[in-house]
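Below: the structure, in structure tokens.
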Amino acid sequence: MSVVWIIRDAKPGHYSQCEGLSNALVERVPGLRVETLDRLGPTQLLKILLTRNLPPELESLRDRGAPRLLIAAGHATHFTLLVLGWLIRAKTLLLMKPSLPCRLFDLCLIPVHDQPAEADNIIGTQGALNPMRSGIKKSGQGVILIGGPSKHHDWDEQGLLQQLEKITQSPEVYWTLTTSRRTPASTQNRISELRNIDFIPFESTAPGWVAQQLAAAEYAWVTEDSVSMIYEALTAGCAVGIIKVPGSTDKPNRLVRGLNALVQQGQVSVYSDEKDPDLQRPAEVFNEAQRCAQLVIDRGWL
């Protein structure tokens with residue numbers, strides 16, 4: 001039986017990336033077992049280096065099956081990944097552009113928008129991996145996901161409402177709309193007055209609700225600031241449209257460059273005042289976690 005350990009930090013988004021890859025590996029490797037452990041602190045790591053022994057809880061975990069592959073995401077996991085990989089003699093896989101030299105890791109899966117170098121141990125990905133799955137699509141079902149001001153984006157409430165009014169005017173699609181933690185209260189109040197939508201504010205949704213909605217939806221519109229949601233909607237098999245919001249600067253940032261690449265490839269559409277807001281699903285399935293899982297398996301690591 002092959003075993004994989006996921007090393008996580010305190011950020012759910014980082015764990016979500018690891019989960020996306022590990023779920024795809026489980027689908028392809030019969031009997032694969034995945035264990036999750038928290039990153040180790042500096043004192044614990046130093047003790048491991050000095051004694052060449054694992055802490056008792058990790059020794060017990062290894063006794064149940066030594067891992068052949070360690071997976072991590074987040075800068076805080078780097079040293080745990082490297083030290084455990086060295087001691088256990090397991091392959092190390094990092095889901096990001098590291099703050100340490102890439103050559104220290106056996107494999108780095110790095111979003112193309114981070115402009116990774118070309119190397120045998122580097123694979124470029126379209127966005128961050130995620131565990132989203134496509135479900136049974138409901139005919140005429142649509143989801144609208146609204147974000148808010150961010151580090152890279154300003155906010156134009158009136159412009160947003162004008163786009164939403166045009167998007168939701170089609171009687172052929174039943175739209176469910178939700179907001180996020182970043183959505184301003186004034187925007188949320190104005191959205192609640194829109195017709196032709198089922199408005200579910202963020203605070204009224206349960207964990208996993210968005211994933212369930214995307215899995216069943218044929219169509220999804222997502223504000224440009226919510227980059228991870230755009231990739232998740234694509235992975236869920238939706239026809240995806242981007243609702244425009246102003247950038248905080250005139251110069252495109254790395255995330256915007258990634259979205260522009262999706263547009264050029266025909267994976268997503270961008271709202272336009274001159275065109276009807278009709279969405280078409282891309283010709284090819286978009287699932288970076290499954291693609292990368294197969295590349296890992298092809299290396300013979302599991």
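Letters for chains follow the order of the structure tokens (A, B, ...), residue numbers begin at 1 for each chain, and ligand numbers begin at 1 in the order shown.
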
- Quick one: everything within 12 Å of Ala185 of chain A, counting only C-alpha atoms, minus sequence neighbours fewer than 3 positions away in the same chain. Send it as a list in words. Gly147, Gly148, Pro149, Glu157, Thr179, Ser180, Arg181, Arg182, Gln188, Asn189, Arg190, Ile191, Ser192, Pro201, Phe202 and Glu203 of chain A

- DSSP helix (DSSP H, G or I) residues within segment 18-115 of chain A, as a count of residues only: 49

- Task: Excluding Leu40 of chain A and any residue of its chain fewer than 4 positions from it, enumerate the residues within 12 Å of it, using only C-alpha atoms, and give them as a list in words.
- Result: Ile7, Arg8, Asp9, Ala10, Gln44, Leu45, Leu46, Lys47, Ile48, Leu54, Pro55, Glu57, Leu58, Ala76, Thr77, His78, Phe79, Thr80, Leu81, Leu82, Val83 and Leu84 of chain A

Can I get the selection written as a compact mmCIF listing (two decimals), in the first residue's frame, with N, CA and C atoms?
```txt
# COMPACT_ATOMS: atom_id res chain seq x y z
N ILE A 7 1.43 17.90 4.53
CA ILE A 7 1.88 18.79 5.60
C ILE A 7 1.14 20.11 5.45
N ARG A 8 0.39 20.49 6.45
CA ARG A 8 -0.45 21.68 6.32
C ARG A 8 -0.01 22.78 7.29
N ASP A 9 -0.33 24.02 6.89
CA ASP A 9 -0.14 25.16 7.79
C ASP A 9 -1.52 25.61 8.25
N ALA A 10 -1.64 26.85 8.69
CA ALA A 10 -2.91 27.31 9.25
C ALA A 10 -3.86 27.89 8.20
N GLN A 44 11.25 21.61 17.08
CA GLN A 44 11.03 20.21 16.69
C GLN A 44 11.92 19.82 15.51
N LEU A 45 12.04 20.71 14.55
CA LEU A 45 12.86 20.41 13.38
C LEU A 45 14.33 20.29 13.76
N LEU A 46 14.79 21.18 14.62
CA LEU A 46 16.19 21.11 15.06
C LEU A 46 16.46 19.80 15.80
N LYS A 47 15.54 19.38 16.63
CA LYS A 47 15.71 18.12 17.37
C LYS A 47 15.78 16.94 16.42
N ILE A 48 14.95 16.96 15.36
CA ILE A 48 14.99 15.89 14.37
C ILE A 48 16.35 15.85 13.68
N LEU A 54 12.20 10.83 14.61
CA LEU A 54 10.93 11.52 14.51
C LEU A 54 10.31 11.70 15.88
N PRO A 55 9.47 12.71 16.08
CA PRO A 55 8.67 12.80 17.31
C PRO A 55 7.82 11.53 17.44
N GLU A 57 4.71 10.82 17.90
CA GLU A 57 3.46 10.73 17.15
C GLU A 57 3.71 10.48 15.66
N LEU A 58 4.79 11.05 15.11
CA LEU A 58 5.11 10.81 13.71
C LEU A 58 5.76 9.44 13.52
N ALA A 76 5.36 28.46 5.16
CA ALA A 76 5.63 27.96 6.51
C ALA A 76 5.88 26.46 6.54
N THR A 77 5.58 25.76 5.45
CA THR A 77 5.76 24.30 5.42
C THR A 77 7.09 23.87 4.82
N HIS A 78 7.86 24.79 4.27
CA HIS A 78 9.05 24.42 3.51
C HIS A 78 10.02 23.54 4.29
N PHE A 79 10.40 24.00 5.49
CA PHE A 79 11.43 23.28 6.24
C PHE A 79 10.92 21.94 6.76
N THR A 80 9.65 21.88 7.15
CA THR A 80 9.08 20.60 7.57
C THR A 80 9.12 19.61 6.42
N LEU A 81 8.75 20.07 5.24
CA LEU A 81 8.75 19.20 4.05
C LEU A 81 10.15 18.68 3.76
N LEU A 82 11.14 19.56 3.82
CA LEU A 82 12.51 19.16 3.48
C LEU A 82 13.12 18.24 4.54
N VAL A 83 12.92 18.56 5.81
CA VAL A 83 13.52 17.75 6.88
C VAL A 83 12.90 16.35 6.91
N LEU A 84 11.57 16.28 6.84
CA LEU A 84 10.93 14.97 6.85
C LEU A 84 11.26 14.18 5.59
```

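Minimum distance to Val112 of chain A across A:Leu302, A:Val143, A:Ala283, A:Leu262 (counting only C-alpha atoms) occurs at A:Leu262.
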
- Item | Within 12 Å of segment 135-141 of chain A using only C-alpha atoms, minus same-chain residues under 2 positions, as a count of residues only | 33

- Nearest to Ile122 of chain A, chosen from A:Asp156, A:Cys292, A:Leu255, A:Trp301, with only C-alpha atoms counted in the distances: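 Closest to Ile122 of chain A, using only C-alpha atoms: A:Cys292.
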
- Take atom CA of Leu70 of chain A and atom CA of Leu25 of chain A and report the distance between them in Å, one decimal.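 Going from atom CA of Leu70 of chain A over to atom CA of Leu25 of chain A covers 12.5 Å.
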
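Closest approach to Pro12 of chain A among A:Ala293, A:Ile242, A:Ala73, A:Val285 is made by A:Ala73 (distances from only C-alpha atoms).
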
- Which residue, A:Ser186, A:Asn121, A:Gln169, A:Ser150, has the smallest gap to Pro101 of chain A when you use only C-alpha atoms?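 For Pro101 of chain A, the nearest of the candidates is A:Asn121.
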
- With only C-alpha atoms as the basis for distance, which of A:Leu109, A:Val222, A:Leu61, A:Ala128 is at the shortest distance from Arg33 of chain A?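 Nearest to Arg33 of chain A: A:Leu61.
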
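Counting only C-alpha atoms, the residue from A:Val296, A:Ile71, A:Met96, A:Ile243 that sits nearest to Cys108 of chain A is A:Met96.
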
- If you run DSSP on the backbone, which residues of segment 129-257 of chain A are strand (DSSP E or B), as a ChimeraX atom specification? /A:141-145,153,174-178,197-200,219-223,239-243,247

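The space separating atom CA of Ala261 of chain A from atom CA of Gln126 of chain A comes to 8.9 Å.
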